[in-house]
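Colleague: This is the content of target.cif (mmCIF, N, CA and C atoms):
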data_input
#
loop_
_atom_site.group_PDB
_atom_site.id
_atom_site.type_symbol
_atom_site.label_atom_id
_atom_site.label_comp_id
_atom_site.auth_asym_id
_atom_site.auth_seq_id
_atom_site.Cartn_x
_atom_site.Cartn_y
_atom_site.Cartn_z
ATOM 1 N N MET A 739 75.780 -122.020 128.721
ATOM 2 C CA MET A 739 76.543 -120.854 129.087
ATOM 3 C C MET A 739 77.234 -121.142 130.418
ATOM 4 N N THR A 740 78.536 -120.969 130.433
ATOM 5 C CA THR A 740 79.302 -121.304 131.627
ATOM 6 C C THR A 740 79.386 -120.112 132.572
ATOM 7 N N GLU A 741 79.834 -120.384 133.788
ATOM 8 C CA GLU A 741 80.000 -119.316 134.772
ATOM 9 C C GLU A 741 81.066 -118.326 134.324
ATOM 10 N N GLY A 742 82.083 -118.819 133.655
ATOM 11 C CA GLY A 742 83.143 -117.947 133.155
ATOM 12 C C GLY A 742 82.628 -116.945 132.130
ATOM 13 N N GLN A 743 81.739 -117.404 131.258
ATOM 14 C CA GLN A 743 81.163 -116.505 130.260
ATOM 15 C C GLN A 743 80.285 -115.437 130.919
ATOM 16 N N VAL A 744 79.522 -115.847 131.921
ATOM 17 C CA VAL A 744 78.685 -114.894 132.639
ATOM 18 C C VAL A 744 79.554 -113.848 133.330
ATOM 19 N N LEU A 745 80.632 -114.289 133.959
ATOM 20 C CA LEU A 745 81.535 -113.359 134.629
ATOM 21 C C LEU A 745 82.231 -112.436 133.634
ATOM 22 N N ASP A 746 82.574 -112.967 132.464
ATOM 23 C CA ASP A 746 83.186 -112.116 131.429
ATOM 24 C C ASP A 746 82.215 -111.039 130.954
ATOM 25 N N ILE A 747 80.965 -111.410 130.728
ATOM 26 C CA ILE A 747 79.959 -110.434 130.302
ATOM 27 C C ILE A 747 79.747 -109.389 131.392
ATOM 28 N N ALA A 748 79.639 -109.831 132.630
ATOM 29 C CA ALA A 748 79.429 -108.897 133.743
ATOM 30 C C ALA A 748 80.626 -107.957 133.895
ATOM 31 N N ARG A 749 81.837 -108.498 133.770
ATOM 32 C CA ARG A 749 83.037 -107.659 133.878
ATOM 33 C C ARG A 749 83.075 -106.622 132.764
ATOM 34 N N ASP A 750 82.783 -107.040 131.548
ATOM 35 C CA ASP A 750 82.770 -106.105 130.415
ATOM 36 C C ASP A 750 81.677 -105.048 130.577
ATOM 37 N N ALA A 751 80.523 -105.456 131.109
ATOM 38 C CA ALA A 751 79.428 -104.503 131.311
ATOM 39 C C ALA A 751 79.804 -103.469 132.365
ATOM 40 N N ILE A 752 80.388 -103.907 133.466
ATOM 41 C CA ILE A 752 80.791 -102.975 134.519
ATOM 42 C C ILE A 752 81.883 -102.039 134.015
ATOM 43 N N TYR A 753 82.836 -102.574 133.266
ATOM 44 C CA TYR A 753 83.901 -101.741 132.706
ATOM 45 C C TYR A 753 83.322 -100.689 131.756
ATOM 46 N N THR A 754 82.375 -101.097 130.918
ATOM 47 C CA THR A 754 81.742 -100.162 129.982
ATOM 48 C C THR A 754 80.974 -99.077 130.735
ATOM 49 N N ILE A 755 80.277 -99.448 131.782
ATOM 50 C CA ILE A 755 79.537 -98.463 132.582
ATOM 51 C C ILE A 755 80.488 -97.458 133.200
ATOM 52 N N ILE A 756 81.592 -97.935 133.764
ATOM 53 C CA ILE A 756 82.555 -97.034 134.406
ATOM 54 C C ILE A 756 83.177 -96.093 133.387
ATOM 55 N N ILE A 757 83.575 -96.634 132.244
ATOM 56 C CA ILE A 757 84.207 -95.807 131.209
ATOM 57 C C ILE A 757 83.220 -94.770 130.665
ATOM 58 N N CYS A 758 81.970 -95.155 130.482
ATOM 59 C CA CYS A 758 80.982 -94.222 129.931
ATOM 60 C C CYS A 758 80.552 -93.162 130.943
ATOM 61 N N ALA A 759 80.548 -93.502 132.221
ATOM 62 C CA ALA A 759 80.118 -92.546 133.244
ATOM 63 C C ALA A 759 81.249 -91.630 133.694
ATOM 64 N N ALA A 760 82.481 -92.021 133.481
ATOM 65 C CA ALA A 760 83.626 -91.268 134.000
ATOM 66 C C ALA A 760 83.675 -89.808 133.543
ATOM 67 N N PRO A 761 83.479 -89.490 132.268
ATOM 68 C CA PRO A 761 83.563 -88.072 131.889
ATOM 69 C C PRO A 761 82.550 -87.190 132.605
ATOM 70 N N MET A 762 81.313 -87.660 132.755
ATOM 71 C CA MET A 762 80.291 -86.857 133.429
ATOM 72 C C MET A 762 80.605 -86.706 134.912
ATOM 73 N N LEU A 763 81.090 -87.776 135.529
ATOM 74 C CA LEU A 763 81.424 -87.703 136.944
ATOM 75 C C LEU A 763 82.606 -86.781 137.191
ATOM 76 N N ILE A 764 83.598 -86.832 136.319
ATOM 77 C CA ILE A 764 84.769 -85.965 136.475
ATOM 78 C C ILE A 764 84.386 -84.505 136.275
ATOM 79 N N ILE A 765 83.563 -84.234 135.273
ATOM 80 C CA ILE A 765 83.101 -82.858 135.045
ATOM 81 C C ILE A 765 82.336 -82.353 136.262
ATOM 82 N N SER A 766 81.440 -83.157 136.790
ATOM 83 C CA SER A 766 80.656 -82.758 137.955
ATOM 84 C C SER A 766 81.555 -82.541 139.171
ATOM 85 N N LEU A 767 82.544 -83.387 139.339
ATOM 86 C CA LEU A 767 83.478 -83.248 140.456
ATOM 87 C C LEU A 767 84.289 -81.960 140.355
ATOM 88 N N VAL A 768 84.804 -81.667 139.177
ATOM 89 C CA VAL A 768 85.617 -80.466 138.985
ATOM 90 C C VAL A 768 84.780 -79.199 139.182
ATOM 91 N N VAL A 769 83.589 -79.167 138.616
ATOM 92 C CA VAL A 769 82.723 -77.993 138.780
ATOM 93 C C VAL A 769 82.336 -77.826 140.250
ATOM 94 N N GLY A 770 82.019 -78.916 140.925
ATOM 95 C CA GLY A 770 81.697 -78.844 142.346
ATOM 96 C C GLY A 770 82.861 -78.340 143.177
ATOM 97 N N LEU A 771 84.070 -78.772 142.843
ATOM 98 C CA LEU A 771 85.260 -78.315 143.559
ATOM 99 C C LEU A 771 85.497 -76.825 143.337
ATOM 100 N N ILE A 772 85.339 -76.375 142.108
ATOM 101 C CA ILE A 772 85.529 -74.949 141.800
ATOM 102 C C ILE A 772 84.493 -74.106 142.538
ATOM 103 N N ILE A 773 83.249 -74.563 142.559
ATOM 104 C CA ILE A 773 82.196 -73.814 143.254
ATOM 105 C C ILE A 773 82.434 -73.831 144.763
ATOM 106 N N SER A 774 82.914 -74.937 145.290
ATOM 107 C CA SER A 774 83.216 -75.004 146.723
ATOM 108 C C SER A 774 84.328 -74.034 147.094
ATOM 109 N N ILE A 775 85.342 -73.955 146.260
ATOM 110 C CA ILE A 775 86.421 -72.992 146.506
ATOM 111 C C ILE A 775 85.875 -71.573 146.437
ATOM 112 N N PHE A 776 85.029 -71.301 145.447
ATOM 113 C CA PHE A 776 84.400 -69.982 145.320
ATOM 114 C C PHE A 776 83.559 -69.648 146.552
ATOM 115 N N GLN A 777 82.796 -70.631 147.046
ATOM 116 C CA GLN A 777 81.971 -70.404 148.230
ATOM 117 C C GLN A 777 82.827 -70.148 149.464
ATOM 118 N N THR A 778 83.938 -70.833 149.575
ATOM 119 C CA THR A 778 84.829 -70.640 150.719
ATOM 120 C C THR A 778 85.475 -69.265 150.678
ATOM 121 N N VAL A 779 85.919 -68.845 149.509
ATOM 122 C CA VAL A 779 86.583 -67.552 149.377
ATOM 123 C C VAL A 779 85.618 -66.406 149.631
ATOM 124 N N THR A 780 84.388 -66.522 149.131
ATOM 125 C CA THR A 780 83.427 -65.417 149.260
ATOM 126 C C THR A 780 82.528 -65.548 150.484
ATOM 127 N N SER A 781 82.671 -66.622 151.246
ATOM 128 C CA SER A 781 81.848 -66.887 152.437
ATOM 129 C C SER A 781 80.358 -66.973 152.115
ATOM 130 N N ILE A 782 80.024 -67.364 150.900
ATOM 131 C CA ILE A 782 78.634 -67.620 150.516
ATOM 132 C C ILE A 782 78.371 -69.103 150.766
ATOM 133 N N GLN A 783 77.470 -69.405 151.678
ATOM 134 C CA GLN A 783 77.205 -70.798 152.020
ATOM 135 C C GLN A 783 75.798 -71.210 151.592
ATOM 136 N N GLU A 784 75.488 -70.971 150.365
ATOM 137 C CA GLU A 784 74.184 -71.343 149.810
ATOM 138 C C GLU A 784 74.282 -72.760 149.257
ATOM 139 N N GLN A 785 73.455 -73.675 149.764
ATOM 140 C CA GLN A 785 73.517 -75.082 149.365
ATOM 141 C C GLN A 785 73.078 -75.303 147.923
ATOM 142 N N THR A 786 72.147 -74.489 147.457
ATOM 143 C CA THR A 786 71.608 -74.702 146.112
ATOM 144 C C THR A 786 72.478 -74.097 145.012
ATOM 145 N N LEU A 787 73.524 -73.377 145.384
ATOM 146 C CA LEU A 787 74.370 -72.712 144.398
ATOM 147 C C LEU A 787 75.101 -73.701 143.488
ATOM 148 N N THR A 788 75.363 -74.905 143.961
ATOM 149 C CA THR A 788 76.134 -75.862 143.170
ATOM 150 C C THR A 788 75.304 -76.572 142.106
ATOM 151 N N PHE A 789 73.988 -76.637 142.268
ATOM 152 C CA PHE A 789 73.178 -77.467 141.379
ATOM 153 C C PHE A 789 73.134 -76.959 139.940
ATOM 154 N N VAL A 790 72.826 -75.710 139.742
ATOM 155 C CA VAL A 790 72.650 -75.193 138.379
ATOM 156 C C VAL A 790 73.950 -75.273 137.573
ATOM 157 N N PRO A 791 75.098 -74.820 138.106
ATOM 158 C CA PRO A 791 76.329 -74.955 137.316
ATOM 159 C C PRO A 791 76.694 -76.409 137.015
ATOM 160 N N LYS A 792 76.451 -77.307 137.972
ATOM 161 C CA LYS A 792 76.748 -78.728 137.722
ATOM 162 C C LYS A 792 75.851 -79.287 136.621
ATOM 163 N N ILE A 793 74.571 -78.953 136.672
ATOM 164 C CA ILE A 793 73.641 -79.444 135.651
ATOM 165 C C ILE A 793 74.037 -78.925 134.268
ATOM 166 N N ILE A 794 74.375 -77.646 134.200
ATOM 167 C CA ILE A 794 74.787 -77.067 132.918
ATOM 168 C C ILE A 794 76.079 -77.709 132.432
ATOM 169 N N ALA A 795 77.045 -77.909 133.342
ATOM 170 C CA ALA A 795 78.327 -78.508 132.956
ATOM 171 C C ALA A 795 78.147 -79.951 132.481
ATOM 172 N N VAL A 796 77.308 -80.714 133.164
ATOM 173 C CA VAL A 796 77.071 -82.095 132.746
ATOM 174 C C VAL A 796 76.339 -82.126 131.407
ATOM 175 N N PHE A 797 75.408 -81.206 131.183
ATOM 176 C CA PHE A 797 74.712 -81.121 129.900
ATOM 177 C C PHE A 797 75.692 -80.815 128.767
ATOM 178 N N VAL A 798 76.585 -79.867 128.990
ATOM 179 C CA VAL A 798 77.612 -79.554 127.985
ATOM 180 C C VAL A 798 78.525 -80.757 127.774
ATOM 181 N N GLY A 799 78.860 -81.446 128.867
ATOM 182 C CA GLY A 799 79.673 -82.656 128.749
ATOM 183 C C GLY A 799 78.976 -83.741 127.948
ATOM 184 N N MET A 800 77.658 -83.861 128.121
ATOM 185 C CA MET A 800 76.907 -84.839 127.330
ATOM 186 C C MET A 800 76.920 -84.478 125.853
ATOM 187 N N MET A 801 76.869 -83.184 125.551
ATOM 188 C CA MET A 801 76.931 -82.773 124.150
ATOM 189 C C MET A 801 78.312 -83.069 123.560
ATOM 190 N N ILE A 802 79.353 -82.926 124.368
ATOM 191 C CA ILE A 802 80.712 -83.165 123.880
ATOM 192 C C ILE A 802 81.017 -84.657 123.805
ATOM 193 N N PHE A 803 80.705 -85.397 124.877
ATOM 194 C CA PHE A 803 81.084 -86.808 124.970
ATOM 195 C C PHE A 803 79.964 -87.769 124.584
ATOM 196 N N GLY A 804 78.793 -87.256 124.219
ATOM 197 C CA GLY A 804 77.648 -88.121 123.941
ATOM 198 C C GLY A 804 77.876 -89.120 122.822
ATOM 199 N N SER A 805 78.486 -88.677 121.734
ATOM 200 C CA SER A 805 78.719 -89.603 120.617
ATOM 201 C C SER A 805 79.734 -90.671 120.995
ATOM 202 N N TRP A 806 80.735 -90.294 121.789
ATOM 203 C CA TRP A 806 81.742 -91.269 122.235
ATOM 204 C C TRP A 806 81.107 -92.312 123.157
ATOM 205 N N ILE A 807 80.244 -91.857 124.064
ATOM 206 C CA ILE A 807 79.553 -92.778 124.965
ATOM 207 C C ILE A 807 78.647 -93.716 124.176
ATOM 208 N N LEU A 808 77.908 -93.162 123.220
ATOM 209 C CA LEU A 808 77.022 -93.979 122.397
ATOM 210 C C LEU A 808 77.812 -95.002 121.584
ATOM 211 N N THR A 809 78.970 -94.611 121.077
ATOM 212 C CA THR A 809 79.818 -95.536 120.333
ATOM 213 C C THR A 809 80.284 -96.683 121.223
ATOM 214 N N ASN A 810 80.714 -96.358 122.449
ATOM 215 C CA ASN A 810 81.154 -97.413 123.372
ATOM 216 C C ASN A 810 80.022 -98.371 123.703
ATOM 217 N N LEU A 811 78.837 -97.831 123.969
ATOM 218 C CA LEU A 811 77.700 -98.693 124.289
ATOM 219 C C LEU A 811 77.283 -99.536 123.088
ATOM 220 N N SER A 812 77.332 -98.951 121.909
ATOM 221 C CA SER A 812 76.981 -99.697 120.694
ATOM 222 C C SER A 812 77.977 -100.820 120.429
ATOM 223 N N GLU A 813 79.256 -100.542 120.634
ATOM 224 C CA GLU A 813 80.274 -101.590 120.448
ATOM 225 C C GLU A 813 80.069 -102.725 121.442
ATOM 226 N N PHE A 814 79.755 -102.385 122.687
ATOM 227 C CA PHE A 814 79.510 -103.424 123.693
ATOM 228 C C PHE A 814 78.316 -104.287 123.302
ATOM 229 N N MET A 815 77.218 -103.639 122.896
ATOM 230 C CA MET A 815 76.028 -104.402 122.525
ATOM 231 C C MET A 815 76.244 -105.218 121.254
ATOM 232 N N THR A 816 76.962 -104.657 120.288
ATOM 233 C CA THR A 816 77.255 -105.402 119.064
ATOM 234 C C THR A 816 78.090 -106.641 119.374
ATOM 235 N N ASN A 817 79.077 -106.472 120.240
ATOM 236 C CA ASN A 817 79.911 -107.607 120.643
ATOM 237 C C ASN A 817 79.080 -108.647 121.386
ATOM 238 N N LEU A 818 78.191 -108.188 122.237
ATOM 239 C CA LEU A 818 77.346 -109.104 123.000
ATOM 240 C C LEU A 818 76.413 -109.890 122.079
ATOM 241 N N TRP A 819 75.778 -109.202 121.133
ATOM 242 C CA TRP A 819 74.850 -109.874 120.229
ATOM 243 C C TRP A 819 75.561 -110.735 119.191
ATOM 244 N N SER A 820 76.758 -110.359 118.792
ATOM 245 C CA SER A 820 77.472 -111.170 117.807
ATOM 246 C C SER A 820 77.941 -112.497 118.400
ATOM 247 N N ASN A 821 78.108 -112.551 119.715
ATOM 248 C CA ASN A 821 78.523 -113.793 120.378
ATOM 249 C C ASN A 821 77.343 -114.530 121.004
ATOM 250 N N PHE A 822 76.153 -114.176 120.614
ATOM 251 C CA PHE A 822 74.953 -114.748 121.222
ATOM 252 C C PHE A 822 74.885 -116.264 121.019
ATOM 253 N N SER A 823 75.255 -116.732 119.835
ATOM 254 C CA SER A 823 75.202 -118.185 119.581
ATOM 255 C C SER A 823 76.207 -118.933 120.449
ATOM 256 N N VAL A 824 77.337 -118.303 120.746
ATOM 257 C CA VAL A 824 78.334 -118.928 121.614
ATOM 258 C C VAL A 824 77.778 -119.076 123.026
ATOM 259 N N TYR A 825 77.044 -118.059 123.489
ATOM 260 C CA TYR A 825 76.487 -118.099 124.829
ATOM 261 C C TYR A 825 75.399 -119.151 124.960
ATOM 262 N N LEU A 826 74.702 -119.431 123.858
ATOM 263 C CA LEU A 826 73.646 -120.465 123.902
ATOM 264 C C LEU A 826 74.218 -121.863 123.800
ATOM 265 N N GLY A 827 75.481 -121.956 123.443
ATOM 266 C CA GLY A 827 76.114 -123.265 123.352
ATOM 267 C C GLY A 827 76.032 -123.874 121.965
ATOM 268 N N GLY A 828 75.756 -123.029 120.984
ATOM 269 C CA GLY A 828 75.576 -123.546 119.634
ATOM 270 C C GLY A 828 76.758 -123.478 118.754
#
Is it possible to express this structure as structure tokens?
Modeller:
Amino acid sequence: MTEGQVLDIARDAIYTIIICAAPMLIISLVVGLIISIFQTVTSIQEQTLTFVPKIIAVFVGMMIFGSWILTNLSEFMTNLWSNFSVYLGG
């Protein structure tokens, strides 16, 4: 297995992680921004107010995007295992 192959696998793994995590991170960011605006407008400065809506929003996002994330991870692993003999040098 060459250094180039290792770097290709690492690059693909990092790309897959970023793509799979992006929907949850974006949902959490948007909900946090909306709650921050709400807190600023109403002058409610409760630190724990953001946690429950973010958790619920991320859970709903997992229900919506979960199959897509699983498909991406499955494709990555299938590609990795299908090229296993190439990585061993066979």
Colleague: To test your reading of the syntax: which residues would the PyMOL selection byres ((chain A and resi 779-796) around 8) return for the file shown? Reply as a VMD selection string.
Modeller: chain A and resid 761 to 763 765 to 767 769 to 770 773 to 778 797 to 802
Colleague: Please provide as a PDB file with N, CA and C atoms, in the frame of the given file all residues within 8 Å of Ile807 (chain A), with the sequence filter that same-chain residues fewer than 6 positions apart are discarded (counting all atoms listed in the file).
Modeller:
ATOM      1  N   ILE A 757      83.575 -96.634 132.244  1.00  0.00           N
ATOM      2  CA  ILE A 757      84.207 -95.807 131.209  1.00  0.00           C
ATOM      3  C   ILE A 757      83.220 -94.770 130.665  1.00  0.00           C
ATOM      4  N   CYS A 758      81.970 -95.155 130.482  1.00  0.00           N
ATOM      5  CA  CYS A 758      80.982 -94.222 129.931  1.00  0.00           C
ATOM      6  C   CYS A 758      80.552 -93.162 130.943  1.00  0.00           C
ATOM      7  N   ALA A 759      80.548 -93.502 132.221  1.00  0.00           N
ATOM      8  CA  ALA A 759      80.118 -92.546 133.244  1.00  0.00           C
ATOM      9  C   ALA A 759      81.249 -91.630 133.694  1.00  0.00           C
ATOM     10  N   GLU A 813      79.256-100.542 120.634  1.00  0.00           N
ATOM     11  CA  GLU A 813      80.274-101.590 120.448  1.00  0.00           C
ATOM     12  C   GLU A 813      80.069-102.725 121.442  1.00  0.00           C
TER      13      GLU A 813
END
Colleague: For Met739 (chain A), please output as a list in words all residues within 7 Å (counting all atoms listed in the file; exclusion window: fewer than 3 positions along the same chain).
Modeller: Gly742, Gln743, Val744, Val824, Tyr825, Leu826 and Gly827 of chain A
Colleague: Could the residues in this selection be written to a file with N, CA and C atoms, as a tab-separated table (two decimals), in the frame of the given file?
Modeller:
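Result went into part.tsv, see below:
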chain	number	residue	atom	x	y	z
A	742	GLY	N	82.08	-118.82	133.66
A	742	GLY	CA	83.14	-117.95	133.16
A	742	GLY	C	82.63	-116.94	132.13
A	743	GLN	N	81.74	-117.40	131.26
A	743	GLN	CA	81.16	-116.50	130.26
A	743	GLN	C	80.28	-115.44	130.92
A	744	VAL	N	79.52	-115.85	131.92
A	744	VAL	CA	78.68	-114.89	132.64
A	744	VAL	C	79.55	-113.85	133.33
A	824	VAL	N	77.34	-118.30	120.75
A	824	VAL	CA	78.33	-118.93	121.61
A	824	VAL	C	77.78	-119.08	123.03
A	825	TYR	N	77.04	-118.06	123.49
A	825	TYR	CA	76.49	-118.10	124.83
A	825	TYR	C	75.40	-119.15	124.96
A	826	LEU	N	74.70	-119.43	123.86
A	826	LEU	CA	73.65	-120.46	123.90
A	826	LEU	C	74.22	-121.86	123.80
A	827	GLY	N	75.48	-121.96	123.44
A	827	GLY	CA	76.11	-123.26	123.35
A	827	GLY	C	76.03	-123.87	121.96
Colleague: Give me the residues near Leu811 (chain A) as an MDAnalysis selection string, where near means some atom within 8 Å (using all atoms listed in the file) and where sequence neighbours in that chain fewer than 5 positions away do not count.
Modeller: chainID A and resid 754:755 758 805:806 816:817
Colleague: How far is it from atom N of Thr809 (chain A) to atom C of Thr740 (chain A), in Å with one decimal?
Modeller: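 Interatomic distance here is 28.0 Å.
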Colleague: Find the distance between CA of Asp750 (chain A) and atom C of Phe803 (chain A) and write it in Å to one decimal.
Modeller: 19.4 Å
Colleague: Using CA of Ala760 (chain A) and CA of Ser820 (chain A) as the two end points, give the distance in Å to one decimal.
Modeller: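 Pair CA of Ala760 (chain A) / CA of Ser820 (chain A) returns 26.4 Å.
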Colleague: Return as lines of an AutoDock Vina configuration file the box centre and box size in Å, one decimal, for an axis-aligned box around all listed atoms of region 787-797 of chain A padded by 5 Å per side.
Modeller:
center_x = 75.5
center_y = -77.4
center_z = 137.1
size_x = 15.7
size_y = 19.4
size_z = 26.6
Colleague: Taking N, CA, C and O atoms as the atom set, what does region 785-799 of chain A look like once completed, written as an mmCIF file, in the frame of the given file?
Modeller:
data_model
loop_
_atom_site.group_PDB
_atom_site.id
_atom_site.type_symbol
_atom_site.label_atom_id
_atom_site.label_comp_id
_atom_site.auth_asym_id
_atom_site.auth_seq_id
_atom_site.Cartn_x
_atom_site.Cartn_y
_atom_site.Cartn_z
ATOM 1 N N GLN A 785 73.455 -73.675 149.764
ATOM 2 C CA GLN A 785 73.517 -75.082 149.365
ATOM 3 C C GLN A 785 73.078 -75.303 147.923
ATOM 4 O O GLN A 785 73.558 -76.198 147.246
ATOM 5 N N THR A 786 72.147 -74.489 147.457
ATOM 6 C CA THR A 786 71.608 -74.702 146.112
ATOM 7 C C THR A 786 72.478 -74.097 145.012
ATOM 8 O O THR A 786 72.186 -74.292 143.836
ATOM 9 N N LEU A 787 73.524 -73.377 145.384
ATOM 10 C CA LEU A 787 74.370 -72.712 144.398
ATOM 11 C C LEU A 787 75.101 -73.701 143.488
ATOM 12 O O LEU A 787 75.389 -73.393 142.341
ATOM 13 N N THR A 788 75.363 -74.905 143.961
ATOM 14 C CA THR A 788 76.134 -75.862 143.170
ATOM 15 C C THR A 788 75.304 -76.572 142.106
ATOM 16 O O THR A 788 75.869 -77.064 141.132
ATOM 17 N N PHE A 789 73.988 -76.637 142.268
ATOM 18 C CA PHE A 789 73.178 -77.467 141.379
ATOM 19 C C PHE A 789 73.134 -76.959 139.940
ATOM 20 O O PHE A 789 73.361 -77.738 139.008
ATOM 21 N N VAL A 790 72.826 -75.710 139.742
ATOM 22 C CA VAL A 790 72.650 -75.193 138.379
ATOM 23 C C VAL A 790 73.950 -75.273 137.573
ATOM 24 O O VAL A 790 73.938 -75.781 136.447
ATOM 25 N N PRO A 791 75.098 -74.820 138.106
ATOM 26 C CA PRO A 791 76.329 -74.955 137.316
ATOM 27 C C PRO A 791 76.694 -76.409 137.015
ATOM 28 O O PRO A 791 77.167 -76.714 135.916
ATOM 29 N N LYS A 792 76.451 -77.307 137.972
ATOM 30 C CA LYS A 792 76.748 -78.728 137.722
ATOM 31 C C LYS A 792 75.851 -79.287 136.621
ATOM 32 O O LYS A 792 76.312 -80.018 135.748
ATOM 33 N N ILE A 793 74.571 -78.953 136.672
ATOM 34 C CA ILE A 793 73.641 -79.444 135.651
ATOM 35 C C ILE A 793 74.037 -78.925 134.268
ATOM 36 O O ILE A 793 74.051 -79.676 133.290
ATOM 37 N N ILE A 794 74.375 -77.646 134.200
ATOM 38 C CA ILE A 794 74.787 -77.067 132.918
ATOM 39 C C ILE A 794 76.079 -77.709 132.432
ATOM 40 O O ILE A 794 76.210 -78.056 131.246
ATOM 41 N N ALA A 795 77.045 -77.909 133.342
ATOM 42 C CA ALA A 795 78.327 -78.508 132.956
ATOM 43 C C ALA A 795 78.147 -79.951 132.481
ATOM 44 O O ALA A 795 78.750 -80.366 131.486
ATOM 45 N N VAL A 796 77.308 -80.714 133.164
ATOM 46 C CA VAL A 796 77.071 -82.095 132.746
ATOM 47 C C VAL A 796 76.339 -82.126 131.407
ATOM 48 O O VAL A 796 76.625 -82.962 130.546
ATOM 49 N N PHE A 797 75.408 -81.206 131.183
ATOM 50 C CA PHE A 797 74.712 -81.121 129.900
ATOM 51 C C PHE A 797 75.692 -80.815 128.767
ATOM 52 O O PHE A 797 75.648 -81.446 127.707
ATOM 53 N N VAL A 798 76.585 -79.867 128.990
ATOM 54 C CA VAL A 798 77.612 -79.554 127.985
ATOM 55 C C VAL A 798 78.525 -80.757 127.774
ATOM 56 O O VAL A 798 78.890 -81.094 126.646
ATOM 57 N N GLY A 799 78.860 -81.446 128.867
ATOM 58 C CA GLY A 799 79.673 -82.656 128.749
ATOM 59 C C GLY A 799 78.976 -83.741 127.948
ATOM 60 O O GLY A 799 79.612 -84.456 127.168
#
